[in-house]
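Listing of protein29.cif; format and content: mmCIF, N, CA and C atoms.
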data_upload
#
loop_
_atom_site.label_atom_id
_atom_site.label_comp_id
_atom_site.auth_asym_id
_atom_site.auth_seq_id
_atom_site.Cartn_x
_atom_site.Cartn_y
_atom_site.Cartn_z
N MET A 1 -1.62 -23.63 19.79
CA MET A 1 -2.73 -24.37 20.37
C MET A 1 -3.81 -23.39 20.82
N ARG A 2 -5.04 -23.71 20.50
CA ARG A 2 -6.16 -22.86 20.89
C ARG A 2 -6.45 -23.04 22.37
N ARG A 3 -6.85 -21.96 23.01
CA ARG A 3 -7.26 -22.03 24.42
C ARG A 3 -8.76 -21.84 24.49
N PRO A 4 -9.43 -22.45 25.51
CA PRO A 4 -10.87 -22.28 25.65
C PRO A 4 -11.22 -20.81 25.85
N LEU A 5 -12.35 -20.45 25.36
CA LEU A 5 -12.81 -19.08 25.49
C LEU A 5 -13.34 -18.87 26.90
N VAL A 6 -12.69 -18.01 27.68
CA VAL A 6 -13.08 -17.79 29.07
C VAL A 6 -14.50 -17.28 29.17
N ALA A 7 -14.85 -16.29 28.35
CA ALA A 7 -16.22 -15.75 28.42
C ALA A 7 -17.24 -16.82 28.07
N LEU A 8 -16.94 -17.63 27.07
CA LEU A 8 -17.86 -18.69 26.68
C LEU A 8 -17.98 -19.73 27.80
N SER A 9 -16.87 -20.02 28.46
CA SER A 9 -16.92 -20.95 29.58
C SER A 9 -17.82 -20.44 30.68
N MET A 10 -17.79 -19.15 30.92
CA MET A 10 -18.67 -18.57 31.93
C MET A 10 -20.13 -18.70 31.50
N LEU A 11 -20.41 -18.54 30.20
CA LEU A 11 -21.77 -18.73 29.72
C LEU A 11 -22.23 -20.16 29.93
N VAL A 12 -21.32 -21.11 29.71
CA VAL A 12 -21.67 -22.51 29.91
C VAL A 12 -22.04 -22.76 31.36
N LEU A 13 -21.26 -22.17 32.27
CA LEU A 13 -21.55 -22.35 33.69
C LEU A 13 -22.84 -21.67 34.09
N CYS A 14 -23.14 -20.52 33.51
CA CYS A 14 -24.35 -19.77 33.86
C CYS A 14 -25.57 -20.31 33.15
N GLY A 15 -25.42 -20.73 31.89
CA GLY A 15 -26.52 -21.33 31.15
C GLY A 15 -27.68 -20.40 30.88
N VAL A 16 -27.42 -19.14 30.54
CA VAL A 16 -28.51 -18.20 30.29
C VAL A 16 -28.96 -18.32 28.85
N GLY A 17 -30.28 -18.39 28.61
CA GLY A 17 -30.83 -18.54 27.27
C GLY A 17 -31.68 -17.36 26.88
N PHE A 18 -32.50 -17.51 25.83
CA PHE A 18 -33.41 -16.47 25.39
C PHE A 18 -34.44 -16.20 26.46
N ALA A 19 -34.82 -14.96 26.62
CA ALA A 19 -35.91 -14.54 27.49
C ALA A 19 -35.82 -15.15 28.88
N GLY A 20 -34.62 -15.22 29.44
CA GLY A 20 -34.44 -15.72 30.79
C GLY A 20 -34.48 -17.23 30.92
N GLU A 21 -34.66 -17.94 29.82
CA GLU A 21 -34.71 -19.39 29.82
C GLU A 21 -33.35 -19.94 30.23
N VAL A 22 -33.31 -20.94 31.09
CA VAL A 22 -32.05 -21.52 31.53
C VAL A 22 -31.83 -22.83 30.78
N THR A 23 -30.88 -22.83 29.85
CA THR A 23 -30.49 -24.02 29.09
C THR A 23 -28.98 -23.99 28.93
N PRO A 24 -28.35 -25.14 28.80
CA PRO A 24 -26.90 -25.16 28.65
C PRO A 24 -26.45 -24.53 27.33
N VAL A 25 -25.48 -23.64 27.40
CA VAL A 25 -24.88 -23.03 26.22
C VAL A 25 -23.73 -23.92 25.77
N ALA A 26 -23.73 -24.29 24.50
CA ALA A 26 -22.66 -25.14 23.98
C ALA A 26 -21.57 -24.31 23.31
N GLY A 27 -21.96 -23.23 22.62
CA GLY A 27 -20.98 -22.43 21.89
C GLY A 27 -21.57 -21.16 21.34
N LEU A 28 -20.81 -20.54 20.44
CA LEU A 28 -21.19 -19.27 19.83
C LEU A 28 -21.03 -19.33 18.32
N VAL A 29 -21.93 -18.65 17.61
CA VAL A 29 -21.77 -18.48 16.17
C VAL A 29 -20.61 -17.52 15.95
N LYS A 30 -19.59 -17.95 15.26
CA LYS A 30 -18.42 -17.12 14.98
C LYS A 30 -18.42 -16.58 13.56
N ARG A 31 -19.15 -17.26 12.67
CA ARG A 31 -19.25 -16.83 11.27
C ARG A 31 -20.61 -17.23 10.75
N SER A 32 -21.25 -16.32 10.05
CA SER A 32 -22.57 -16.59 9.49
C SER A 32 -22.67 -15.87 8.15
N ALA A 33 -23.05 -16.62 7.11
CA ALA A 33 -23.20 -16.04 5.78
C ALA A 33 -24.48 -16.56 5.15
N GLY A 34 -25.20 -15.70 4.46
CA GLY A 34 -26.45 -16.11 3.83
C GLY A 34 -27.52 -16.38 4.88
N GLU A 35 -28.47 -17.23 4.52
CA GLU A 35 -29.56 -17.56 5.44
C GLU A 35 -29.12 -18.62 6.45
N VAL A 36 -29.11 -18.23 7.74
CA VAL A 36 -28.77 -19.15 8.82
C VAL A 36 -29.71 -18.87 9.98
N THR A 37 -30.36 -19.93 10.50
CA THR A 37 -31.28 -19.75 11.62
C THR A 37 -30.98 -20.75 12.73
N VAL A 38 -31.43 -20.39 13.92
CA VAL A 38 -31.37 -21.28 15.08
C VAL A 38 -32.80 -21.49 15.55
N GLU A 39 -33.20 -22.74 15.71
CA GLU A 39 -34.52 -23.05 16.25
C GLU A 39 -34.34 -23.56 17.68
N ARG A 40 -35.02 -22.90 18.61
CA ARG A 40 -34.95 -23.27 20.02
C ARG A 40 -36.35 -23.18 20.62
N SER A 41 -36.80 -24.24 21.23
CA SER A 41 -38.10 -24.26 21.91
C SER A 41 -39.22 -23.75 21.01
N GLY A 42 -39.19 -24.15 19.73
CA GLY A 42 -40.24 -23.77 18.80
C GLY A 42 -40.12 -22.36 18.23
N GLN A 43 -39.09 -21.62 18.63
CA GLN A 43 -38.89 -20.26 18.11
C GLN A 43 -37.70 -20.27 17.16
N LEU A 44 -37.80 -19.43 16.11
CA LEU A 44 -36.78 -19.34 15.09
C LEU A 44 -36.07 -17.99 15.21
N TRP A 45 -34.74 -18.01 15.22
CA TRP A 45 -33.94 -16.80 15.36
C TRP A 45 -32.90 -16.75 14.25
N ALA A 46 -32.56 -15.56 13.79
CA ALA A 46 -31.45 -15.40 12.86
C ALA A 46 -30.16 -15.71 13.62
N ALA A 47 -29.29 -16.50 13.02
CA ALA A 47 -28.03 -16.88 13.65
C ALA A 47 -26.95 -15.89 13.25
N LEU A 48 -26.93 -14.76 13.92
CA LEU A 48 -25.93 -13.74 13.66
C LEU A 48 -24.65 -14.06 14.42
N VAL A 49 -23.55 -13.46 14.01
CA VAL A 49 -22.29 -13.63 14.73
C VAL A 49 -22.51 -13.23 16.19
N GLY A 50 -22.08 -14.09 17.11
CA GLY A 50 -22.26 -13.84 18.53
C GLY A 50 -23.46 -14.52 19.14
N THR A 51 -24.34 -15.11 18.31
CA THR A 51 -25.50 -15.82 18.82
C THR A 51 -25.06 -17.06 19.60
N ALA A 52 -25.61 -17.24 20.80
CA ALA A 52 -25.32 -18.44 21.59
C ALA A 52 -26.05 -19.64 20.98
N VAL A 53 -25.38 -20.77 20.97
CA VAL A 53 -25.96 -22.02 20.51
C VAL A 53 -26.07 -22.93 21.74
N HIS A 54 -27.30 -23.37 22.01
CA HIS A 54 -27.58 -24.16 23.21
C HIS A 54 -27.76 -25.62 22.87
N VAL A 55 -27.62 -26.48 23.87
CA VAL A 55 -27.95 -27.89 23.72
C VAL A 55 -29.42 -27.97 23.34
N GLY A 56 -29.73 -28.75 22.31
CA GLY A 56 -31.09 -28.89 21.83
C GLY A 56 -31.43 -28.00 20.65
N ASP A 57 -30.56 -27.05 20.32
CA ASP A 57 -30.80 -26.15 19.19
C ASP A 57 -30.62 -26.88 17.86
N ARG A 58 -31.44 -26.47 16.88
CA ARG A 58 -31.26 -26.88 15.49
C ARG A 58 -30.75 -25.67 14.73
N VAL A 59 -29.61 -25.82 14.12
CA VAL A 59 -29.03 -24.75 13.31
C VAL A 59 -29.24 -25.15 11.85
N ARG A 60 -29.90 -24.25 11.09
CA ARG A 60 -30.21 -24.54 9.69
C ARG A 60 -29.58 -23.49 8.79
N THR A 61 -29.08 -23.96 7.65
CA THR A 61 -28.55 -23.04 6.65
C THR A 61 -29.42 -23.15 5.40
N GLY A 62 -29.62 -22.04 4.72
CA GLY A 62 -30.39 -22.01 3.48
C GLY A 62 -29.53 -22.36 2.29
N ASP A 63 -30.10 -22.17 1.09
CA ASP A 63 -29.39 -22.48 -0.15
C ASP A 63 -28.07 -21.73 -0.27
N ASP A 64 -28.02 -20.52 0.30
CA ASP A 64 -26.81 -19.70 0.21
C ASP A 64 -26.11 -19.57 1.56
N GLY A 65 -26.49 -20.39 2.53
CA GLY A 65 -26.01 -20.22 3.90
C GLY A 65 -24.83 -21.09 4.28
N SER A 66 -24.07 -20.59 5.23
CA SER A 66 -23.02 -21.37 5.90
C SER A 66 -22.82 -20.75 7.27
N VAL A 67 -22.38 -21.57 8.21
CA VAL A 67 -22.23 -21.10 9.58
C VAL A 67 -21.02 -21.77 10.22
N GLY A 68 -20.29 -21.01 11.01
CA GLY A 68 -19.17 -21.52 11.79
C GLY A 68 -19.49 -21.34 13.27
N ILE A 69 -19.43 -22.42 14.01
CA ILE A 69 -19.74 -22.40 15.44
C ILE A 69 -18.51 -22.87 16.20
N THR A 70 -18.13 -22.13 17.24
CA THR A 70 -17.06 -22.54 18.14
C THR A 70 -17.68 -22.97 19.45
N LEU A 71 -17.47 -24.23 19.82
CA LEU A 71 -17.98 -24.74 21.08
C LEU A 71 -17.05 -24.35 22.22
N ALA A 72 -17.50 -24.48 23.44
CA ALA A 72 -16.75 -24.03 24.61
C ALA A 72 -15.41 -24.74 24.77
N ASP A 73 -15.28 -25.95 24.21
CA ASP A 73 -14.02 -26.69 24.30
C ASP A 73 -13.12 -26.42 23.10
N ASP A 74 -13.48 -25.43 22.29
CA ASP A 74 -12.75 -25.04 21.08
C ASP A 74 -12.96 -25.98 19.89
N THR A 75 -13.97 -26.85 19.94
CA THR A 75 -14.36 -27.61 18.76
C THR A 75 -14.94 -26.63 17.75
N LEU A 76 -14.55 -26.77 16.49
CA LEU A 76 -15.04 -25.91 15.42
C LEU A 76 -15.97 -26.72 14.52
N LEU A 77 -17.20 -26.24 14.36
CA LEU A 77 -18.18 -26.87 13.49
C LEU A 77 -18.52 -25.90 12.37
N THR A 78 -18.42 -26.33 11.14
CA THR A 78 -18.76 -25.49 9.99
C THR A 78 -19.75 -26.24 9.12
N ALA A 79 -20.98 -25.70 9.03
CA ALA A 79 -22.03 -26.32 8.23
C ALA A 79 -22.17 -25.56 6.92
N GLY A 80 -22.31 -26.31 5.83
CA GLY A 80 -22.45 -25.72 4.51
C GLY A 80 -23.91 -25.47 4.15
N PRO A 81 -24.16 -25.11 2.90
CA PRO A 81 -25.53 -24.81 2.43
C PRO A 81 -26.47 -26.00 2.62
N ARG A 82 -27.75 -25.67 2.84
CA ARG A 82 -28.83 -26.66 2.97
C ARG A 82 -28.52 -27.72 4.03
N SER A 83 -28.01 -27.28 5.17
CA SER A 83 -27.66 -28.20 6.25
C SER A 83 -28.56 -27.97 7.46
N THR A 84 -28.76 -29.04 8.21
CA THR A 84 -29.47 -28.97 9.49
C THR A 84 -28.62 -29.72 10.52
N LEU A 85 -28.21 -29.00 11.55
CA LEU A 85 -27.36 -29.54 12.60
C LEU A 85 -28.08 -29.41 13.93
N LEU A 86 -28.14 -30.50 14.68
CA LEU A 86 -28.74 -30.51 16.00
C LEU A 86 -27.64 -30.72 17.03
N ILE A 87 -27.56 -29.84 18.01
CA ILE A 87 -26.62 -30.01 19.12
C ILE A 87 -27.34 -30.89 20.15
N SER A 88 -27.11 -32.18 20.08
CA SER A 88 -27.84 -33.15 20.90
C SER A 88 -27.40 -33.14 22.35
N ASP A 89 -26.10 -33.05 22.59
CA ASP A 89 -25.56 -33.07 23.95
C ASP A 89 -24.23 -32.34 23.95
N PHE A 90 -23.99 -31.55 24.98
CA PHE A 90 -22.69 -30.92 25.16
C PHE A 90 -22.50 -30.60 26.63
N ARG A 91 -21.47 -31.16 27.20
CA ARG A 91 -21.07 -30.85 28.58
C ARG A 91 -19.57 -30.67 28.57
N PHE A 92 -19.08 -29.63 29.28
CA PHE A 92 -17.65 -29.36 29.28
C PHE A 92 -17.25 -28.68 30.58
N ASN A 93 -16.22 -29.22 31.22
CA ASN A 93 -15.65 -28.61 32.41
C ASN A 93 -14.36 -27.91 31.98
N PRO A 94 -14.33 -26.56 32.01
CA PRO A 94 -13.15 -25.85 31.51
C PRO A 94 -11.90 -26.06 32.35
N THR A 95 -12.04 -26.54 33.58
CA THR A 95 -10.88 -26.77 34.44
C THR A 95 -10.23 -28.11 34.13
N THR A 96 -11.03 -29.18 34.03
CA THR A 96 -10.49 -30.52 33.82
C THR A 96 -10.49 -30.95 32.36
N HIS A 97 -11.22 -30.20 31.52
CA HIS A 97 -11.41 -30.52 30.10
C HIS A 97 -12.22 -31.79 29.89
N GLU A 98 -12.91 -32.25 30.92
CA GLU A 98 -13.78 -33.40 30.79
C GLU A 98 -15.12 -32.97 30.23
N GLY A 99 -15.78 -33.88 29.54
CA GLY A 99 -17.10 -33.56 29.01
C GLY A 99 -17.52 -34.55 27.96
N SER A 100 -18.57 -34.17 27.23
CA SER A 100 -19.07 -35.02 26.15
C SER A 100 -19.74 -34.14 25.10
N LEU A 101 -19.76 -34.67 23.89
CA LEU A 101 -20.36 -33.97 22.76
C LEU A 101 -21.07 -34.98 21.87
N MET A 102 -22.33 -34.67 21.54
CA MET A 102 -23.06 -35.43 20.54
C MET A 102 -23.75 -34.41 19.65
N ALA A 103 -23.39 -34.41 18.37
CA ALA A 103 -24.03 -33.54 17.40
C ALA A 103 -24.63 -34.42 16.31
N THR A 104 -25.80 -34.02 15.82
CA THR A 104 -26.49 -34.79 14.79
C THR A 104 -26.61 -33.95 13.53
N LEU A 105 -26.02 -34.42 12.44
CA LEU A 105 -26.17 -33.77 11.15
C LEU A 105 -27.34 -34.45 10.45
N LEU A 106 -28.48 -33.77 10.42
CA LEU A 106 -29.68 -34.34 9.82
C LEU A 106 -29.63 -34.30 8.30
N LYS A 107 -29.01 -33.26 7.75
CA LYS A 107 -28.78 -33.18 6.31
C LYS A 107 -27.72 -32.14 6.04
N GLY A 108 -27.07 -32.25 4.88
CA GLY A 108 -26.07 -31.28 4.48
C GLY A 108 -24.65 -31.73 4.76
N THR A 109 -23.77 -30.75 4.95
CA THR A 109 -22.36 -31.04 5.17
C THR A 109 -21.88 -30.37 6.45
N LEU A 110 -20.92 -31.00 7.09
CA LEU A 110 -20.35 -30.48 8.33
C LEU A 110 -18.86 -30.77 8.35
N SER A 111 -18.08 -29.73 8.54
CA SER A 111 -16.64 -29.86 8.72
C SER A 111 -16.37 -29.70 10.21
N VAL A 112 -15.50 -30.56 10.75
CA VAL A 112 -15.25 -30.57 12.19
C VAL A 112 -13.75 -30.51 12.45
N VAL A 113 -13.35 -29.65 13.37
CA VAL A 113 -12.01 -29.67 13.95
C VAL A 113 -12.23 -29.86 15.44
N THR A 114 -11.79 -31.00 15.95
CA THR A 114 -12.11 -31.35 17.34
C THR A 114 -11.36 -30.46 18.32
N GLY A 115 -11.92 -30.38 19.53
CA GLY A 115 -11.37 -29.54 20.59
C GLY A 115 -10.85 -30.36 21.75
N LEU A 116 -10.94 -29.76 22.94
CA LEU A 116 -10.34 -30.33 24.14
C LEU A 116 -11.01 -31.61 24.61
N ILE A 117 -12.31 -31.74 24.45
CA ILE A 117 -12.98 -32.98 24.90
C ILE A 117 -12.42 -34.17 24.13
N ALA A 118 -12.29 -34.04 22.82
CA ALA A 118 -11.79 -35.15 21.99
C ALA A 118 -10.34 -35.48 22.33
N ARG A 119 -9.56 -34.48 22.71
CA ARG A 119 -8.17 -34.75 23.09
C ARG A 119 -8.11 -35.50 24.43
N GLN A 120 -9.00 -35.12 25.35
CA GLN A 120 -9.04 -35.72 26.68
C GLN A 120 -9.66 -37.13 26.64
N ALA A 121 -10.79 -37.25 25.94
CA ALA A 121 -11.53 -38.52 25.92
C ALA A 121 -12.26 -38.68 24.59
N PRO A 122 -11.58 -39.17 23.55
CA PRO A 122 -12.18 -39.29 22.22
C PRO A 122 -13.48 -40.09 22.21
N ASP A 123 -13.62 -41.06 23.10
CA ASP A 123 -14.84 -41.87 23.14
C ASP A 123 -16.07 -41.07 23.57
N ASN A 124 -15.88 -39.88 24.12
CA ASN A 124 -17.00 -39.05 24.58
C ASN A 124 -17.50 -38.10 23.49
N VAL A 125 -16.96 -38.19 22.29
CA VAL A 125 -17.36 -37.31 21.19
C VAL A 125 -17.95 -38.17 20.08
N ARG A 126 -19.18 -37.83 19.71
CA ARG A 126 -19.89 -38.57 18.66
C ARG A 126 -20.60 -37.61 17.72
N PHE A 127 -20.66 -38.00 16.46
CA PHE A 127 -21.42 -37.28 15.45
C PHE A 127 -22.34 -38.28 14.80
N ARG A 128 -23.60 -37.91 14.71
CA ARG A 128 -24.63 -38.82 14.20
C ARG A 128 -25.19 -38.24 12.90
N THR A 129 -25.54 -39.14 11.97
CA THR A 129 -26.28 -38.78 10.76
C THR A 129 -27.51 -39.71 10.75
N PRO A 130 -28.42 -39.53 9.80
CA PRO A 130 -29.57 -40.45 9.76
C PRO A 130 -29.19 -41.92 9.58
N THR A 131 -27.98 -42.20 9.10
CA THR A 131 -27.62 -43.59 8.82
C THR A 131 -26.43 -44.12 9.61
N VAL A 132 -25.69 -43.28 10.32
CA VAL A 132 -24.47 -43.76 10.98
C VAL A 132 -24.14 -42.88 12.20
N VAL A 133 -23.42 -43.48 13.16
CA VAL A 133 -22.86 -42.73 14.29
C VAL A 133 -21.35 -42.81 14.14
N LEU A 134 -20.70 -41.64 14.16
CA LEU A 134 -19.25 -41.58 13.98
C LEU A 134 -18.56 -41.32 15.31
N GLY A 135 -17.54 -42.10 15.60
CA GLY A 135 -16.67 -41.82 16.74
C GLY A 135 -15.48 -41.04 16.24
N VAL A 136 -14.85 -40.32 17.12
CA VAL A 136 -13.72 -39.47 16.74
C VAL A 136 -12.41 -40.21 16.97
N ARG A 137 -11.61 -40.28 15.93
CA ARG A 137 -10.28 -40.87 16.04
C ARG A 137 -9.23 -39.95 15.42
N GLY A 138 -9.67 -38.84 14.87
CA GLY A 138 -8.76 -37.87 14.28
C GLY A 138 -9.15 -36.49 14.75
N THR A 139 -8.48 -35.50 14.27
CA THR A 139 -8.78 -34.15 14.73
C THR A 139 -9.58 -33.33 13.74
N GLU A 140 -9.57 -33.72 12.46
CA GLU A 140 -10.32 -32.98 11.44
C GLU A 140 -11.00 -33.96 10.50
N PHE A 141 -12.28 -33.68 10.19
CA PHE A 141 -13.00 -34.52 9.24
C PHE A 141 -14.22 -33.78 8.72
N ILE A 142 -14.79 -34.33 7.65
CA ILE A 142 -15.98 -33.76 7.02
C ILE A 142 -17.03 -34.86 6.94
N VAL A 143 -18.28 -34.49 7.23
CA VAL A 143 -19.40 -35.42 7.20
C VAL A 143 -20.44 -34.88 6.23
N GLU A 144 -21.05 -35.78 5.44
CA GLU A 144 -22.15 -35.38 4.56
C GLU A 144 -23.33 -36.31 4.81
N ALA A 145 -24.51 -35.70 4.99
CA ALA A 145 -25.74 -36.48 5.15
C ALA A 145 -26.65 -36.10 4.00
N ARG A 146 -27.00 -37.07 3.16
CA ARG A 146 -27.87 -36.81 2.02
C ARG A 146 -29.31 -37.16 2.39
N GLY A 147 -30.21 -36.52 1.70
CA GLY A 147 -31.62 -36.79 1.95
C GLY A 147 -32.26 -35.63 2.66
N GLY A 148 -33.50 -35.80 3.02
CA GLY A 148 -34.27 -34.70 3.61
C GLY A 148 -34.50 -34.86 5.09
N GLY A 149 -33.60 -35.55 5.80
CA GLY A 149 -33.79 -35.78 7.24
C GLY A 149 -33.99 -34.52 8.02
N GLU A 150 -34.97 -34.52 8.88
CA GLU A 150 -35.22 -33.39 9.79
C GLU A 150 -35.55 -33.98 11.12
#
Would it be possible to restate this file's structure as structure tokens?
Amino acid sequence: MRRPLVALSMLVLCGVGFAGEVTPVAGLVKRSAGEVTVERSGQLWAALVGTAVHVGDRVRTGDDGSVGITLADDTLLTAGPRSTLLISDFRFNPTTHEGSLMATLLKGTLSVVTGLIARQAPDNVRFRTPTVVLGVRGTEFIVEARGGGE
């Protein structure tokens, strides 16, 4: 069984962002291949391994890109080529494992392995696409959103 990342939990509690900006940290980029960027507050950054992913960030992959993100509750998100993922909401208490997650796949593919929030309260975890909102009832699934949604 995976355990929450203590250092990541501390980042969530501190909420430190780019250039001193205070925004909630949802997770970290654990794997990045090809073209992968994070858009935050109108700025675009390369999504290198170790990059913090905050609530409100858009993570984009290029034609050759893929990215693996581990959220503070140990949820694993893997986006394939030509994908755009928005971290709409993420709150997590590392002590009680209570929280909520809403991620929006605007286009592309997303593989998900749920973490502690889904185990504690599955109704608090949602994944949205341009055409549907998915509730979590299992621990692993793949979502595909076709079209040019941004």
Contacts of Ala46 of chain A at 6 Å (all atoms listed in the file; same-chain gap of 5+ positions) as a compact mmCIF listing (two decimals) with N, CA and C atoms, in the coordinates of the input:
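Result file is around.txt:
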# COMPACT_ATOMS: atom_id res chain seq x y z
N VAL A 36 -29.11 -18.23 7.74
CA VAL A 36 -28.77 -19.15 8.82
C VAL A 36 -29.71 -18.87 9.98
N THR A 37 -30.36 -19.93 10.50
CA THR A 37 -31.28 -19.75 11.62
C THR A 37 -30.98 -20.75 12.73
N VAL A 38 -31.43 -20.39 13.92
CA VAL A 38 -31.37 -21.28 15.08
C VAL A 38 -32.80 -21.49 15.55
### Message
Which residues, named as in the file, does the PyMOL selection byres ((chain A and resi 114-125) around 5) pick out? Answer as a PyMOL selection string.
### Response
chain A and resi 73-75+100-101+112-113+126-127+136+139-140
### Task
May I ask for the distance between atom CA of Ala145 of chain A and atom CA of Thr23 of chain A, given in Å to one decimal place?
27.4 Å
### Task
Report as a list in words the full result of the PyMOL selection byres ((chain A and resi 60) around 5) when it is applied to this structure.
Val36, Thr37, Arg58, Val59, Thr61, Gly62, Ser83 and Thr84 of chain A
### Point-to-point distance in Å for atom C of Phe92 of chain A and atom N of Leu110 of chain A
23.9 Å
### Task
From a DSSP pass on the backbone, collect the residues of segment 55-144 of chain A flagged as helix (DSSP H, G or I) and hand them back as a list of chain:residue names.
A:Leu116, A:Ile117, A:Ala118, A:Arg119, A:Gln120, A:Pro122, A:Asp123, A:Asn124
Tell me which residues the PyMOL selection byres ((chain A and resi 107) around 6) grabs here, as a PDB file with N, CA and C atoms, in the frame of the given file.
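Contents of selection_18.pdb, freshly written:
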ATOM      1  N   ARG A  82     -27.750 -25.670   2.840  1.00  0.00           N
ATOM      2  CA  ARG A  82     -28.830 -26.660   2.970  1.00  0.00           C
ATOM      3  C   ARG A  82     -28.520 -27.720   4.030  1.00  0.00           C
ATOM      4  N   SER A  83     -28.010 -27.280   5.170  1.00  0.00           N
ATOM      5  CA  SER A  83     -27.660 -28.200   6.250  1.00  0.00           C
ATOM      6  C   SER A  83     -28.560 -27.970   7.460  1.00  0.00           C
ATOM      7  N   THR A  84     -28.760 -29.040   8.210  1.00  0.00           N
ATOM      8  CA  THR A  84     -29.470 -28.970   9.490  1.00  0.00           C
ATOM      9  C   THR A  84     -28.620 -29.720  10.520  1.00  0.00           C
ATOM     10  N   LEU A  85     -28.210 -29.000  11.550  1.00  0.00           N
ATOM     11  CA  LEU A  85     -27.360 -29.540  12.600  1.00  0.00           C
ATOM     12  C   LEU A  85     -28.080 -29.410  13.930  1.00  0.00           C
ATOM     13  N   LEU A 105     -26.020 -34.420  12.440  1.00  0.00           N
ATOM     14  CA  LEU A 105     -26.170 -33.770  11.150  1.00  0.00           C
ATOM     15  C   LEU A 105     -27.340 -34.450  10.450  1.00  0.00           C
ATOM     16  N   LEU A 106     -28.480 -33.770  10.420  1.00  0.00           N
ATOM     17  CA  LEU A 106     -29.680 -34.340   9.820  1.00  0.00           C
ATOM     18  C   LEU A 106     -29.630 -34.300   8.300  1.00  0.00           C
ATOM     19  N   GLY A 108     -27.070 -32.250   4.880  1.00  0.00           N
ATOM     20  CA  GLY A 108     -26.070 -31.280   4.480  1.00  0.00           C
ATOM     21  C   GLY A 108     -24.650 -31.730   4.760  1.00  0.00           C
ATOM     22  N   THR A 109     -23.770 -30.750   4.950  1.00  0.00           N
ATOM     23  CA  THR A 109     -22.360 -31.040   5.170  1.00  0.00           C
ATOM     24  C   THR A 109     -21.880 -30.370   6.450  1.00  0.00           C
ATOM     25  N   ALA A 145     -24.510 -35.700   4.990  1.00  0.00           N
ATOM     26  CA  ALA A 145     -25.740 -36.480   5.150  1.00  0.00           C
ATOM     27  C   ALA A 145     -26.650 -36.100   4.000  1.00  0.00           C
ATOM     28  N   ARG A 146     -27.000 -37.070   3.160  1.00  0.00           N
ATOM     29  CA  ARG A 146     -27.870 -36.810   2.020  1.00  0.00           C
ATOM     30  C   ARG A 146     -29.310 -37.160   2.390  1.00  0.00           C
ATOM     31  N   GLY A 147     -30.210 -36.520   1.700  1.00  0.00           N
ATOM     32  CA  GLY A 147     -31.620 -36.790   1.950  1.00  0.00           C
ATOM     33  C   GLY A 147     -32.260 -35.630   2.660  1.00  0.00           C
ATOM     34  N   GLY A 149     -33.600 -35.550   5.800  1.00  0.00           N
ATOM     35  CA  GLY A 149     -33.790 -35.780   7.240  1.00  0.00           C
ATOM     36  C   GLY A 149     -33.990 -34.520   8.020  1.00  0.00           C
TER      37      GLY A 149
END
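Reported to one decimal place, the separation of atom CA of Thr104 of chain A from atom C of Ser88 of chain A is 7.8 Å.
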### Task
May I have the protein, DNA and RNA residues with any atom at most 9 Å from the point (-26.1, -29.2, 29.0), counting only C-alpha atoms, written as a ChimeraX atom specification?
/A:12,15,23-26,54-56,89-92
### Message
So that I can see what lies close to Gly65 of chain A, please list as a PyMOL selection string the residues with an atom at most 5 Å from it, counting only N, CA and C atoms and leaving out residues fewer than 3 positions away in the same chain.
### Response
chain A and resi 33-35+61-62+80-81
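Remark: for Leu76 of chain A, the closest of the candidate residues A:Gln43, A:Thr129, A:Ser111, A:Ser32 is A:Ser111 (distances computed over all atoms listed in the file).
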### Task
Extract the full set of strand (DSSP E or B) residues from segment 8-126 of chain A according to DSSP on the backbone, and format it as number ranges by chain.
A: 16, 22, 25-33, 36-40, 43-46, 52-54, 58-61, 66-71, 76-79, 84-92, 99-113, 125-126
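For the set A:Pro94, A:Asp63, A:Ala103, A:Lys30, the residue with the smallest atom-to-atom gap to Ala47 of chain A is A:Lys30, counting all atoms listed in the file.
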### Residue among A:Glu39, A:Ala79, A:Trp45, A:Thr96 lying closest to Asp64 of chain A, counting only C-alpha atoms
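Closest to Asp64 of chain A of all the choices is A:Ala79.
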### Message
Please list as JSON, numbers by chain every residue within 7 Å of Val29 of chain A, counting only N, CA and C atoms and excluding residues in the same chain fewer than 2 positions away.
### Response
{"A": [27, 31, 32, 47, 48, 49, 50, 51, 52, 53, 67, 68, 69, 70]}
Please write a file for segment 34-41 of chain A, taken from the block I just shared, that holds N, CA and C atoms and is laid out as a PDB file, in the first residue's frame.
ATOM      1  N   GLY A  34       9.029  14.147 -23.488  1.00  0.00           N
ATOM      2  CA  GLY A  34       8.623  14.971 -24.620  1.00  0.00           C
ATOM      3  C   GLY A  34       8.215  16.360 -24.152  1.00  0.00           C
ATOM      4  N   GLU A  35       7.351  16.996 -24.932  1.00  0.00           N
ATOM      5  CA  GLU A  35       6.899  18.352 -24.597  1.00  0.00           C
ATOM      6  C   GLU A  35       5.772  18.301 -23.561  1.00  0.00           C
ATOM      7  N   VAL A  36       6.042  18.872 -22.380  1.00  0.00           N
ATOM      8  CA  VAL A  36       5.046  18.953 -21.312  1.00  0.00           C
ATOM      9  C   VAL A  36       5.182  20.317 -20.661  1.00  0.00           C
ATOM     10  N   THR A  37       4.058  21.037 -20.531  1.00  0.00           N
ATOM     11  CA  THR A  37       4.094  22.362 -19.911  1.00  0.00           C
ATOM     12  C   THR A  37       3.013  22.485 -18.846  1.00  0.00           C
ATOM     13  N   VAL A  38       3.244  23.430 -17.940  1.00  0.00           N
ATOM     14  CA  VAL A  38       2.261  23.798 -16.926  1.00  0.00           C
ATOM     15  C   VAL A  38       1.950  25.271 -17.129  1.00  0.00           C
ATOM     16  N   GLU A  39       0.667  25.603 -17.243  1.00  0.00           N
ATOM     17  CA  GLU A  39       0.251  26.995 -17.337  1.00  0.00           C
ATOM     18  C   GLU A  39      -0.374  27.401 -16.007  1.00  0.00           C
ATOM     19  N   ARG A  40       0.175  28.466 -15.417  1.00  0.00           N
ATOM     20  CA  ARG A  40      -0.321  28.979 -14.144  1.00  0.00           C
ATOM     21  C   ARG A  40      -0.346  30.496 -14.202  1.00  0.00           C
ATOM     22  N   SER A  41      -1.472  31.081 -13.916  1.00  0.00           N
ATOM     23  CA  SER A  41      -1.611  32.546 -13.862  1.00  0.00           C
ATOM     24  C   SER A  41      -1.072  33.209 -15.124  1.00  0.00           C
TER      25      SER A  41
END
